[in-house]
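**Q** Sharing a structure here in structure tokens format.
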Amino acid sequence: MDSSFIPCSLLLSVALIACSSKEATPSASAEATSRSTSSSSAPVASASAPAAVEVPPRPLAIVRAAFPARTTIFPLGRVLLACTDCRTSGKGLPSKPETVLVDRKGSKKVSLFPEADWRGLYQNNPFIFDEPRAVSFSGSYPDDFRARLDAPYDRGGYGSVTPLRAGPSGWAAASDGNDPKAWACASSGLLFQLLGLRERCDDAGFAPLALKLVPALARAAEPPNRLVISPGGQAALVFDGGYARLVGDKWEKRPGPWAEEPDFAVALEDGGFVVASKSGVHLVSKDDRVAEVALAESGPEGKPVAGATELSLVPLGDEIWVSFQHGDKLELAAVDEASKWKRYLPALQQPDGEPPAVDLPNPVKLTDSCVTPFVMLASNNDPRYTFRATTEAFFGHGELQEALTFVQFTKEKTTFFGVQTKTREQAEKAAEIAKGIKLSPQLTCFDAVGHIPDLTRPPSGVRVYFANLAHKRLLWP
């Protein structure tokens, strides 16, 4: 728990932001059928869409491959791997997994399931192989193709079975200890996923861009859960019933035809974005034209798909496809190649060195002439500690959103947390809120924020917290 604040002379500011089976390479060939986008279907976004905006033609995504519903799709760079019954055999239970590679050229069945290799490596250890175990695939096919078995490697449950890596002579233990490249790690659009992206993700360039948007997200009137970042620094929040564009420093709400918050939101290179929800798949253009995506079976007739469920967006190279359940099938669909949805993938910008160090002054007693009130709230001796409980005490006080800046800093081996306010009245209000959770706040005069040029990139030893008080969300750290 947060300890109560102690010495007044050592208190500082709280600007929270620190943190943060072998097989030759198959050439996919198959019966993928392509049709151009149909403009005959006219449905639109919703009756609430702006009247002056022209309704765009309805995009058409054609089914490119279909599999049994018990199939899992794994993005592997330039191809998708469909693995049906993707589990090892258990004691007396034969395993019959099927693996198929899919791309725009079609689909091809290949033998890529490495159960025999694991059995040889672990000498058919009954603790591993007496029951079915799930298998997953990752990386890039065929360059850096990995397989992982979901099983502990000893009876004590410690460790895990060694992942395998495909090579010219077949599968072998992946002993490099490195994780392979991953694709569209943040296709959900969830803010915490965007902020937590690692370099191995091909969409890692979103992480620093999302961090720069956190101050604006803290002020958003709509739930700051799912974020789309588009070329040119454009951004939109996606939520149930619509989305909000960031215009200047304000979020402007737009209606959308999806009834619930989408499960996926992916930015496109042309400035638009695609969302998938229980209501369907929708394409939003950069000029805010919204169209529902029609799904159709392949073939000359192109029979419309009705009753699709569990819609999701999956990455195939630099584009986005649609995955969905239809009856007893899992199907993959994509728009025609001429109008394919190319993902926006910003380059990962590395920071220019560390932020310059600052020597924060010591806080002094608050007087009527002070223009930088600061409320010392809590302290401890762990600079890595996040004062979450203290911050949450302010949840629901949206009226103070523009008034408070939470800052954490370390001075003489003690870490302090507090809040910068703009007026004495705001400081006193903050102190009363803190007393409500049995803290002993101290009113001081201390300019923490003025010593932090970039609140999203504070100097060493300082963290700035960003919270949306109305929506009760700590966004960073």
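In the structure tokens, chains take the letters A, B, ... in the order shown, each chain's residues start at 1, and ligands count up from 1 in the order shown.
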Which residues are close to segment 219-223 of chain A, i.e. within 12 Å by only C-alpha atoms, leaving aside same-chain residues fewer than 6 positions away? Reply as a ChimeraX atom specification.
**A** /A:190-191,213,236-247,249-254,261,398-405,466-475
**Q** Check segment 202-282 of chain A with DSSP on the backbone and list each residue it calls alpha helix (DSSP H), as a ChimeraX atom specification.
**A** /A:206-218
**Q** Counting only C-alpha atoms, which of A:Lys411, A:Phe416, A:Ile62, A:Ser369 gets nearest to Val305 of chain A?
**A**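 The closest residue to Val305 of chain A is A:Ile62.
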**Q** Of the residues A:Leu360, A:Cys86, A:Val79, A:Val462, which is the one nearest to Trp183 of chain A, using only C-alpha atoms?
**A**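 Of A:Leu360, A:Cys86, A:Val79, A:Val462, the one nearest Trp183 of chain A is A:Val79, counting only C-alpha atoms.
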**Q** Could you pull the residues within 8 Å of Lys340 of chain A, counting only C-alpha atoms, minus those fewer than 6 positions along the same chain, as a CSV table (one decimal) with N, CA and C atoms, in the first residue's frame?
**A**
chain,number,residue,atom,x,y,z
A,319,GLU,N,-1.2,-6.5,-45.6
A,319,GLU,CA,-2.7,-6.2,-45.7
A,319,GLU,C,-3.5,-6.9,-44.6
A,320,ILE,N,-4.8,-6.6,-44.6
A,320,ILE,CA,-5.7,-7.1,-43.6
A,320,ILE,C,-6.8,-8.0,-44.3
A,334,ALA,N,-11.1,-11.7,-48.3
A,334,ALA,CA,-10.3,-10.5,-48.6
A,334,ALA,C,-11.0,-9.7,-49.7
**Q** Need the shell around segment 169-178 of chain A: protein/DNA/RNA residues with any atom at most 10 Å away, counting only C-alpha atoms. Skip same-chain ones fewer than 3 positions apart. Format as an MDAnalysis selection string?
**A** chainID A and resid 21:24 112:114 116:118 121 145:148 161:166 181 200
**Q** Could those residues be written to a file, using N, CA and C atoms, as a PDB file, in the first residue's frame?
**A**
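Contents of again-v2.pdb, freshly written:
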ATOM      1  N   SER A  21       7.613 -30.855 -39.175  1.00  0.00           N
ATOM      2  CA  SER A  21       8.100 -31.945 -40.053  1.00  0.00           C
ATOM      3  C   SER A  21       8.718 -31.443 -41.249  1.00  0.00           C
ATOM      4  N   LYS A  22       9.536 -31.360 -41.434  1.00  0.00           N
ATOM      5  CA  LYS A  22      10.223 -30.590 -42.455  1.00  0.00           C
ATOM      6  C   LYS A  22       9.415 -30.561 -43.733  1.00  0.00           C
ATOM      7  N   GLU A  23       9.567 -29.672 -44.551  1.00  0.00           N
ATOM      8  CA  GLU A  23       8.792 -29.545 -45.777  1.00  0.00           C
ATOM      9  C   GLU A  23       9.454 -28.483 -46.623  1.00  0.00           C
ATOM     10  N   ALA A  24       9.546 -28.769 -47.893  1.00  0.00           N
ATOM     11  CA  ALA A  24      10.099 -27.755 -48.793  1.00  0.00           C
ATOM     12  C   ALA A  24       9.127 -26.603 -48.865  1.00  0.00           C
ATOM     13  N   LEU A 112       3.410 -29.719 -41.795  1.00  0.00           N
ATOM     14  CA  LEU A 112       4.239 -28.839 -40.966  1.00  0.00           C
ATOM     15  C   LEU A 112       4.065 -29.099 -39.473  1.00  0.00           C
ATOM     16  N   PHE A 113       3.362 -30.157 -39.102  1.00  0.00           N
ATOM     17  CA  PHE A 113       3.103 -30.398 -37.684  1.00  0.00           C
ATOM     18  C   PHE A 113       4.252 -31.202 -37.074  1.00  0.00           C
ATOM     19  N   PRO A 114       4.951 -30.684 -36.080  1.00  0.00           N
ATOM     20  CA  PRO A 114       6.208 -31.279 -35.620  1.00  0.00           C
ATOM     21  C   PRO A 114       6.110 -32.199 -34.403  1.00  0.00           C
ATOM     22  N   ALA A 116       6.228 -35.441 -34.079  1.00  0.00           N
ATOM     23  CA  ALA A 116       7.242 -36.501 -34.073  1.00  0.00           C
ATOM     24  C   ALA A 116       8.604 -35.965 -33.644  1.00  0.00           C
ATOM     25  N   ASP A 117       8.902 -34.732 -33.997  1.00  0.00           N
ATOM     26  CA  ASP A 117      10.200 -34.144 -33.624  1.00  0.00           C
ATOM     27  C   ASP A 117      10.282 -33.917 -32.117  1.00  0.00           C
ATOM     28  N   TRP A 118       9.194 -33.428 -31.514  1.00  0.00           N
ATOM     29  CA  TRP A 118       9.180 -33.254 -30.062  1.00  0.00           C
ATOM     30  C   TRP A 118       9.275 -34.599 -29.342  1.00  0.00           C
ATOM     31  N   LEU A 121      12.792 -35.716 -29.404  1.00  0.00           N
ATOM     32  CA  LEU A 121      13.626 -34.875 -28.547  1.00  0.00           C
ATOM     33  C   LEU A 121      13.434 -35.221 -27.077  1.00  0.00           C
ATOM     34  N   PHE A 145      10.555 -19.727 -38.953  1.00  0.00           N
ATOM     35  CA  PHE A 145       9.296 -20.381 -38.631  1.00  0.00           C
ATOM     36  C   PHE A 145       9.450 -21.188 -37.341  1.00  0.00           C
ATOM     37  N   ARG A 146       8.611 -20.911 -36.329  1.00  0.00           N
ATOM     38  CA  ARG A 146       8.732 -21.553 -35.018  1.00  0.00           C
ATOM     39  C   ARG A 146       7.442 -22.288 -34.648  1.00  0.00           C
ATOM     40  N   ALA A 147       7.601 -23.307 -33.788  1.00  0.00           N
ATOM     41  CA  ALA A 147       6.466 -24.040 -33.240  1.00  0.00           C
ATOM     42  C   ALA A 147       6.661 -24.162 -31.733  1.00  0.00           C
ATOM     43  N   ARG A 148       5.572 -24.060 -30.996  1.00  0.00           N
ATOM     44  CA  ARG A 148       5.635 -24.140 -29.537  1.00  0.00           C
ATOM     45  C   ARG A 148       4.576 -25.116 -29.024  1.00  0.00           C
ATOM     46  N   VAL A 161       8.487 -27.013 -22.602  1.00  0.00           N
ATOM     47  CA  VAL A 161       9.084 -27.756 -23.704  1.00  0.00           C
ATOM     48  C   VAL A 161       9.774 -26.782 -24.648  1.00  0.00           C
ATOM     49  N   THR A 162      10.958 -27.164 -25.102  1.00  0.00           N
ATOM     50  CA  THR A 162      11.738 -26.300 -25.982  1.00  0.00           C
ATOM     51  C   THR A 162      10.987 -26.022 -27.290  1.00  0.00           C
ATOM     52  N   PRO A 163      10.866 -24.768 -27.689  1.00  0.00           N
ATOM     53  CA  PRO A 163      10.274 -24.465 -28.996  1.00  0.00           C
ATOM     54  C   PRO A 163      11.141 -25.042 -30.117  1.00  0.00           C
ATOM     55  N   LEU A 164      10.532 -25.278 -31.256  1.00  0.00           N
ATOM     56  CA  LEU A 164      11.252 -25.785 -32.419  1.00  0.00           C
ATOM     57  C   LEU A 164      11.306 -24.713 -33.503  1.00  0.00           C
ATOM     58  N   ARG A 165      12.374 -24.788 -34.288  1.00  0.00           N
ATOM     59  CA  ARG A 165      12.545 -23.863 -35.409  1.00  0.00           C
ATOM     60  C   ARG A 165      12.776 -24.671 -36.681  1.00  0.00           C
ATOM     61  N   ALA A 166      12.055 -24.332 -37.739  1.00  0.00           N
ATOM     62  CA  ALA A 166      12.196 -25.048 -39.007  1.00  0.00           C
ATOM     63  C   ALA A 166      13.452 -24.593 -39.730  1.00  0.00           C
ATOM     64  N   LYS A 181       9.732 -12.665 -35.108  1.00  0.00           N
ATOM     65  CA  LYS A 181       8.931 -11.495 -35.475  1.00  0.00           C
ATOM     66  C   LYS A 181       7.455 -11.820 -35.346  1.00  0.00           C
ATOM     67  N   ARG A 200       9.960  -6.490 -31.776  1.00  0.00           N
ATOM     68  CA  ARG A 200       9.758  -7.658 -32.641  1.00  0.00           C
ATOM     69  C   ARG A 200       8.423  -7.600 -33.391  1.00  0.00           C
TER      70      ARG A 200
END
